[in-house]
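Source file: my_file.cif. Holds: mmCIF, C-alpha atoms and all ligand atoms.
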```
data_run
loop_
_atom_site.label_atom_id
_atom_site.label_comp_id
_atom_site.auth_asym_id
_atom_site.auth_seq_id
_atom_site.Cartn_x
_atom_site.Cartn_y
_atom_site.Cartn_z
CA MET A 1 98.97 174.31 83.73
CA PRO A 2 101.71 173.71 81.14
CA ALA A 3 105.18 175.07 81.86
CA LYS A 4 106.13 178.54 80.78
CA ILE A 5 108.86 178.15 78.19
CA ILE A 6 111.72 180.63 78.04
CA ALA A 7 114.49 180.48 75.45
CA VAL A 8 117.65 182.27 76.61
CA MET A 9 119.10 183.70 73.42
CA SER A 10 121.68 186.00 71.89
CA PRO A 11 123.09 186.31 68.39
CA LYS A 12 126.55 186.93 69.90
CA GLY A 13 128.56 184.12 71.40
CA GLY A 14 130.12 184.18 74.85
CA VAL A 15 127.92 186.89 76.34
CA GLY A 16 126.62 184.68 79.16
CA LYS A 17 123.59 182.76 77.84
CA THR A 18 124.52 179.55 79.62
CA THR A 19 125.46 181.36 82.83
CA VAL A 20 122.10 183.15 82.80
CA ALA A 21 120.09 180.03 81.88
CA VAL A 22 121.80 177.86 84.51
CA ASN A 23 121.48 180.41 87.31
CA LEU A 24 117.95 181.44 86.41
CA ALA A 25 116.90 177.78 86.46
CA ALA A 26 118.74 177.17 89.75
CA ALA A 27 117.27 180.30 91.36
CA LEU A 28 113.73 179.47 90.23
CA ALA A 29 114.15 175.97 91.69
CA SER A 30 115.43 177.39 94.97
CA ILE A 31 112.28 179.52 95.33
CA GLY A 32 110.10 176.46 94.87
CA LYS A 33 109.39 176.37 91.13
CA ARG A 34 109.60 173.07 89.26
CA VAL A 35 112.09 173.63 86.44
CA LEU A 36 113.48 171.67 83.52
CA ILE A 37 116.57 173.17 81.91
CA VAL A 38 117.14 171.98 78.36
CA ASP A 39 120.51 172.29 76.65
CA ALA A 40 119.35 173.23 73.17
CA ASN A 41 122.87 174.34 72.21
CA LEU A 42 123.87 171.17 70.40
CA ASP A 43 127.09 172.72 69.03
CA THR A 44 128.79 173.68 72.28
CA PRO A 45 126.61 172.31 75.07
CA HIS A 46 127.83 173.42 78.49
CA VAL A 47 124.74 173.31 80.72
CA ALA A 48 125.70 169.98 82.31
CA ILE A 49 129.26 171.19 82.88
CA TYR A 50 128.01 174.32 84.64
CA TYR A 51 126.11 172.07 87.10
CA GLY A 52 129.14 169.79 87.52
CA PHE A 53 127.00 167.04 86.03
CA ILE A 54 129.04 164.53 84.04
CA GLY A 55 128.82 160.88 83.10
CA TYR A 56 125.24 160.92 81.83
CA LYS A 57 124.39 158.35 79.19
CA ASN A 58 121.31 159.67 77.41
CA SER A 59 121.08 163.11 75.90
CA LEU A 60 118.92 165.43 73.81
CA GLU A 61 120.56 164.05 70.66
CA ASP A 62 119.09 160.60 71.44
CA VAL A 63 115.65 162.16 71.92
CA LEU A 64 115.79 164.18 68.69
CA ASN A 65 117.04 161.16 66.78
CA GLY A 66 114.03 159.19 68.02
CA ASN A 67 116.10 156.59 69.89
CA ILE A 68 114.55 157.23 73.32
CA GLN A 69 111.63 158.99 74.95
CA VAL A 70 112.29 162.44 76.40
CA ASP A 71 111.90 161.33 80.02
CA GLU A 72 114.78 158.88 79.54
CA ALA A 73 117.17 161.83 79.08
CA VAL A 74 115.86 163.92 81.98
CA TYR A 75 118.05 163.79 85.09
CA LYS A 76 117.58 164.89 88.69
CA THR A 77 119.95 167.42 90.25
CA GLU A 78 120.83 168.11 93.88
CA ASN A 79 117.77 170.35 94.09
CA GLN A 80 114.61 168.25 93.78
CA ASN A 81 112.84 171.05 91.88
CA LEU A 82 115.42 171.17 89.10
CA HIS A 83 115.80 168.61 86.35
CA ILE A 84 118.21 168.74 83.42
CA LEU A 85 117.99 167.53 79.84
CA PRO A 86 121.61 167.69 78.65
CA SER A 87 123.19 167.55 75.23
CA ARG A 88 126.29 165.47 74.65
CA VAL A 89 129.58 167.36 75.01
CA PHE A 90 131.67 164.66 73.27
CA LYS A 91 129.49 163.52 70.41
CA ASN A 92 128.64 159.94 69.50
CA LYS A 93 128.29 158.73 65.94
CA GLY A 94 124.97 159.97 64.52
CA ASP A 95 124.61 162.82 67.02
CA GLY A 96 125.24 165.34 64.23
CA ASN A 97 121.89 164.43 62.64
CA ALA A 98 120.07 165.72 65.71
CA GLN A 99 121.04 169.27 64.72
CA TYR A 100 118.63 169.12 61.79
CA LYS A 101 115.81 167.84 64.00
CA ILE A 102 115.91 170.62 66.62
CA ILE A 103 112.76 171.93 64.98
CA ASN A 104 110.99 168.90 66.54
CA LEU A 105 112.12 169.86 70.05
CA PHE A 106 108.69 170.93 71.22
CA HIS A 107 107.02 167.87 69.87
CA HIS A 108 109.21 165.88 72.30
CA LEU A 109 108.97 168.37 75.18
CA GLY A 110 105.19 168.27 74.88
CA LYS A 111 105.31 164.99 76.81
CA VAL A 112 106.79 166.65 79.92
CA VAL A 113 105.52 170.20 79.68
CA ASP A 114 102.82 169.61 82.30
CA ASP A 115 105.35 168.34 84.86
CA TYR A 116 107.05 171.72 85.34
CA ASP A 117 106.37 175.37 86.06
CA PHE A 118 109.21 176.49 83.77
CA LEU A 119 111.20 175.09 80.86
CA ILE A 120 114.42 177.08 80.45
CA LEU A 121 116.19 176.55 77.14
CA ASP A 122 119.83 177.41 76.65
CA SER A 123 120.67 178.02 73.00
CA LYS A 124 123.57 178.45 70.63
CA PRO A 125 124.52 181.96 69.46
CA SER A 126 121.87 182.69 66.85
CA SER A 127 118.97 184.90 65.98
CA ASN A 128 117.10 182.00 64.41
CA LEU A 129 113.69 181.90 66.03
CA ASP A 130 112.42 178.88 64.08
CA PHE A 131 112.81 176.43 66.94
CA ILE A 132 110.74 178.45 69.38
CA LYS A 133 108.15 179.84 66.98
CA LEU A 134 106.49 176.43 66.95
CA ILE A 135 105.48 176.54 70.61
CA LYS A 136 102.36 178.11 71.96
CA ASN A 137 103.15 181.49 73.57
CA PRO A 138 106.93 181.39 73.09
CA SER A 139 109.08 183.71 75.20
CA THR A 140 112.68 184.78 75.09
CA LEU A 141 115.16 186.40 77.39
CA ILE A 142 117.81 188.17 75.35
CA VAL A 143 121.30 188.27 76.84
CA SER A 144 123.75 191.00 75.94
CA MET A 145 126.88 192.58 77.27
CA PRO A 146 126.82 196.37 77.67
CA GLU A 147 128.98 197.00 74.61
CA ILE A 148 127.97 198.27 71.20
CA ALA A 149 128.20 195.16 68.98
CA SER A 150 126.41 192.94 71.45
CA MET A 151 123.72 195.58 72.03
CA ILE A 152 123.10 196.07 68.30
CA GLU A 153 122.58 192.33 67.90
CA ALA A 154 120.28 192.30 70.93
CA LYS A 155 118.27 195.14 69.39
CA LYS A 156 117.92 193.22 66.11
CA LEU A 157 116.83 190.05 67.88
CA ASN A 158 114.40 192.01 70.02
CA GLU A 159 112.75 193.49 66.93
CA GLU A 160 112.75 190.19 65.02
CA SER A 161 111.16 188.45 68.00
CA VAL A 162 108.39 190.98 68.30
CA ALA A 163 107.75 190.76 64.53
CA ALA A 164 107.57 186.97 64.77
CA GLY A 165 105.10 187.06 67.66
CA VAL A 166 107.63 185.85 70.20
CA ARG A 167 107.27 187.53 73.57
CA VAL A 168 110.48 189.18 74.78
CA LEU A 169 110.49 189.12 78.58
CA GLY A 170 113.39 191.53 78.55
CA ILE A 171 117.09 192.00 78.10
CA VAL A 172 119.63 190.63 80.56
CA LEU A 173 122.67 192.90 80.51
CA ASN A 174 125.45 190.66 81.72
CA ARG A 175 128.95 191.41 83.04
CA VAL A 176 128.09 195.01 83.83
CA ASN A 177 131.22 196.74 85.08
CA LYS A 178 131.27 200.48 85.64
CA LYS A 179 135.05 200.48 85.71
CA ILE A 180 135.24 199.55 82.03
CA SER A 181 134.96 202.77 80.09
CA GLY A 182 133.72 201.07 76.91
CA HIS A 183 130.69 199.70 78.75
CA MET A 184 127.49 201.59 78.08
CA ASN A 185 125.57 203.43 80.75
CA ASP A 186 121.83 203.06 81.28
CA ALA A 187 120.92 205.99 79.04
CA GLU A 188 123.02 204.66 76.15
CA VAL A 189 121.53 201.19 76.55
CA SER A 190 117.98 202.55 76.53
CA ARG A 191 118.74 204.59 73.41
CA ILE A 192 119.74 201.46 71.50
CA VAL A 193 117.22 198.91 72.62
CA GLU A 194 113.61 199.40 73.65
CA ALA A 195 112.76 196.64 76.07
CA LYS A 196 110.04 196.19 78.64
CA ASN A 197 112.54 195.00 81.24
CA ILE A 198 116.28 195.35 81.52
CA TRP A 199 117.96 193.31 84.23
CA LYS A 200 121.61 193.90 85.07
CA ILE A 201 124.01 191.18 86.21
CA PRO A 202 127.37 192.54 87.40
CA GLU A 203 130.75 191.25 86.41
CA ASP A 204 131.61 189.00 89.34
CA ALA A 205 134.76 186.89 89.73
CA ASN A 206 132.73 184.49 91.89
CA VAL A 207 131.01 183.34 88.68
CA PHE A 208 134.27 181.74 87.53
CA ASP A 209 134.82 180.17 90.92
CA ALA A 210 131.33 178.65 90.84
CA LEU A 211 131.97 177.34 87.34
CA ARG A 212 135.22 175.71 88.46
CA LYS A 213 133.32 173.96 91.26
CA GLY A 214 130.44 172.99 88.98
CA ILE A 215 127.83 174.66 91.22
CA PRO A 216 125.62 177.54 90.02
CA ILE A 217 126.65 180.68 91.82
CA VAL A 218 123.13 181.21 93.16
CA TRP A 219 123.54 177.96 95.10
CA GLN A 220 127.22 178.29 95.92
CA ASN A 221 127.41 181.88 97.15
CA GLN A 222 124.01 183.52 97.55
CA LYS A 223 125.46 186.80 98.77
CA SER A 224 127.75 187.46 95.82
CA PRO A 225 126.76 190.45 93.64
CA ALA A 226 125.85 188.29 90.63
CA SER A 227 123.77 185.92 92.80
CA ARG A 228 121.71 188.77 94.20
CA SER A 229 120.94 189.94 90.67
CA PHE A 230 120.13 186.45 89.43
CA LEU A 231 117.75 185.96 92.36
CA GLU A 232 116.05 189.25 91.55
CA LEU A 233 115.70 188.17 87.93
CA ALA A 234 114.22 184.83 89.06
CA ARG A 235 111.73 186.49 91.40
CA ASP A 236 110.56 188.77 88.57
CA ILE A 237 110.24 185.84 86.17
CA ALA A 238 108.45 183.75 88.80
CA SER A 239 105.84 186.45 89.25
CA TRP A 240 105.26 186.79 85.53
CA GLY A 241 101.61 186.11 84.76
N1 LIG B 301 128.46 188.01 85.31
C1 LIG B 301 129.61 187.39 85.03
N2 LIG B 301 130.74 187.71 85.72
C2 LIG B 301 131.90 187.10 85.41
N3 LIG B 301 132.05 186.15 84.48
C3 LIG B 301 130.96 185.80 83.76
C4 LIG B 301 129.69 186.39 84.00
N4 LIG B 301 128.81 185.84 83.13
C5 LIG B 301 129.49 184.94 82.39
N5 LIG B 301 130.79 184.91 82.76
C6 LIG B 301 131.84 184.07 82.16
O1 LIG B 301 131.86 184.33 80.76
C7 LIG B 301 132.16 183.15 80.04
C8 LIG B 301 131.11 182.91 78.97
O2 LIG B 301 129.87 182.69 79.60
P1 LIG B 301 128.80 181.67 78.99
O3 LIG B 301 129.42 180.34 78.73
O4 LIG B 301 127.63 181.70 79.89
O5 LIG B 301 128.48 182.39 77.61
P2 LIG B 301 127.57 181.86 76.40
O6 LIG B 301 126.87 183.05 75.84
O7 LIG B 301 126.71 180.76 76.87
O8 LIG B 301 128.66 181.31 75.40
P3 LIG B 301 128.38 180.46 74.05
O9 LIG B 301 127.94 181.46 73.02
O10 LIG B 301 129.71 179.84 73.76
O11 LIG B 301 127.32 179.46 74.36
C9 LIG B 301 132.24 182.02 81.08
O12 LIG B 301 133.59 181.79 81.38
C10 LIG B 301 131.52 182.59 82.28
O13 LIG B 301 132.01 182.07 83.51
MG MG B 302 126.56 178.79 76.11
#
```

Would you mind writing the structure in this file as structure tokens?
Amino acid sequence: MPAKIIAVMSPKGGVGKTTVAVNLAAALASIGKRVLIVDANLDTPHVAIYYGFIGYKNSLEDVLNGNIQVDEAVYKTENQNLHILPSRVFKNKGDGNAQYKIINLFHHLGKVVDDYDFLILDSKPSSNLDFIKLIKNPSTLIVSMPEIASMIEAKKLNEESVAAGVRVLGIVLNRVNKKISGHMNDAEVSRIVEAKNIWKIPEDANVFDALRKGIPIVWQNQKSPASRSFLELARDIASWG
């Protein structure tokens, strides 16, 4: 069976897309799913950094530019179930052209889609669905913080996705912190956005610590509040039919 493909998206920057994508992929791998995480954020690609993975030679830019085959830019990680297709943090000459070829992403990924249970795509802040509309049965996870601007953008993306025939698995509310008065409560969130599932990831200082060490928090500290929530998210996604 071909991999289920999930694009982790949000129109707002800095809300936690990469943190969610990296930990979801790591958690799925740790419960036995074969996962490829793809850094489709060519502007500010941080997936490799979040895994502490540096010094790779080939990247998604080389694949999109037609210089190599996709499997030549897929790397193993410390978990045998998780592979990574990184983008280049410090760009080489010609890498900029790859940006215009992102639309061909699924043409390239088609060659490896049968090797995995899940393809998790990190993305740049955008509500542009063009790059995932081309796949069969596309799905998104929309990441938002529990504050008004981020929620409004999540609502818009949710509605645009549904209109475009893209399945929204749900909203991931990240950095939930009851002590911050500006953060919305459950009732306020539900009033703004109608979603099938809403998962909550708490604000957790351990996330920064994990990032500093280059190890996803779900591997580094399984008992931390954010890890527990990421593992719950992964179990729900893993059971998705
Ligand atoms: N639940 C959390 N608790 C604490 N810190 C968090 C949490 N989630 C994310 N962060 C921190 O927030 C910052 C932004 O997260 P991240 O890089 O995942 O956002 P992003 O949406 O991918 O950003 P960009 O739009 O630039 O791609 C990072 O420093 C990350 O460590
Ligand atoms: Mg990011």

Practice problem: Using all atoms listed in the file, find each protein or nucleic acid residue lying at most 8 Å from ligand LIG 301 (chain B); present the set as an MDAnalysis selection string. | Solution: chainID A and resid 10 12:21 41 44:46 122:125 143 174:176 201:208 211 226

Quiz prompt | Selection: 8 Å around Leu28 in chain A, only C-alpha atoms, excl. self and same-chain fewer than 4 positions, as a ChimeraX atom specification | solution = /A:24,32-35,231,234-235,238

Practice problem: One decimal, Å: what's the distance from CA of Tyr116 in chain A over to CA of Asn23 in chain A, could you say? | Solution: 17.0 Å

Quiz item: Mind pulling up the distance from CA of Ala25 in chain A to CA of Tyr51 in chain A?
Solution: 10.9 Å

Quiz item: Neighbours of range 118-120 of chain A within 12 Å (all atoms listed in the file; same-chain residues fewer than 3 positions away dropped), as a PyMOL selection string?
Solution: chain A and resi 1-9+17-18+20-29+32-40+47+81-86+106+109-110+112-115+123+132+135+138-141+234+237-240

Self-check item: Counting only C-alpha atoms and all ligand atoms, the residue of A:Ser190, A:Ser227, A:Ser126, A:Asn221 that sits nearest ligand MG 302 (chain B)
Solution: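 Smallest separation from ligand MG 302 (chain B) among the options: A:Ser126.
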
Exercise. Compile the contact shell of Asn97 in chain A as number ranges by chain: residues with an atom at most 12 Å away, counting all atoms listed in the file, same-chain residues fewer than 6 positions apart removed.
Key: A: 42-43, 60-66, 91

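Taking CA of His108 in chain A and CA of Leu233 in chain A as the two end points, the separation is 28.0 Å.
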
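Nearest residue to Glu194 in chain A, choosing from A:Ile103, A:Ala210, A:Ala154, A:Ile217 and counting only C-alpha atoms: A:Ala154.
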
Quiz item: Smallest atom-to-atom distance to ligand MG 302 (chain B): which of A:Asn128, A:Gln222, A:Ser87, A:Asn104, using only C-alpha atoms and all ligand atoms?
Solution: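 Looking at the shortest contact to ligand MG 302 (chain B), the residue is A:Ser87.
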
Quiz prompt | Nearest residue to ligand MG 302 (chain B) from the set A:Ile54, A:Ile68, A:Leu105, A:Val89 (distances using all atoms listed in the file) | solution = A:Val89

Quiz item: A:Ile198, A:Ile31, A:Ile152, A:Ile49: which is nearest ligand MG 302 (chain B), counting only C-alpha atoms and all ligand atoms?
Solution: A:Ile49

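With only C-alpha atoms and all ligand atoms as the basis for measurement, A:Tyr50 is the residue among A:Gln99, A:Asp236, A:Arg167, A:Tyr50 that approaches ligand MG 302 (chain B) most closely.
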
Given 4 Å of margin on each side, can you work out the centre and size in Å (one decimal) of an axis-aligned box holding every listed atom of range 103-119 of chain A, as lines of an AutoDock Vina configuration file?
```
center_x = 107.8
center_y = 170.7
center_z = 75.5
size_x = 17.9
size_y = 19.5
size_z = 29.1
```
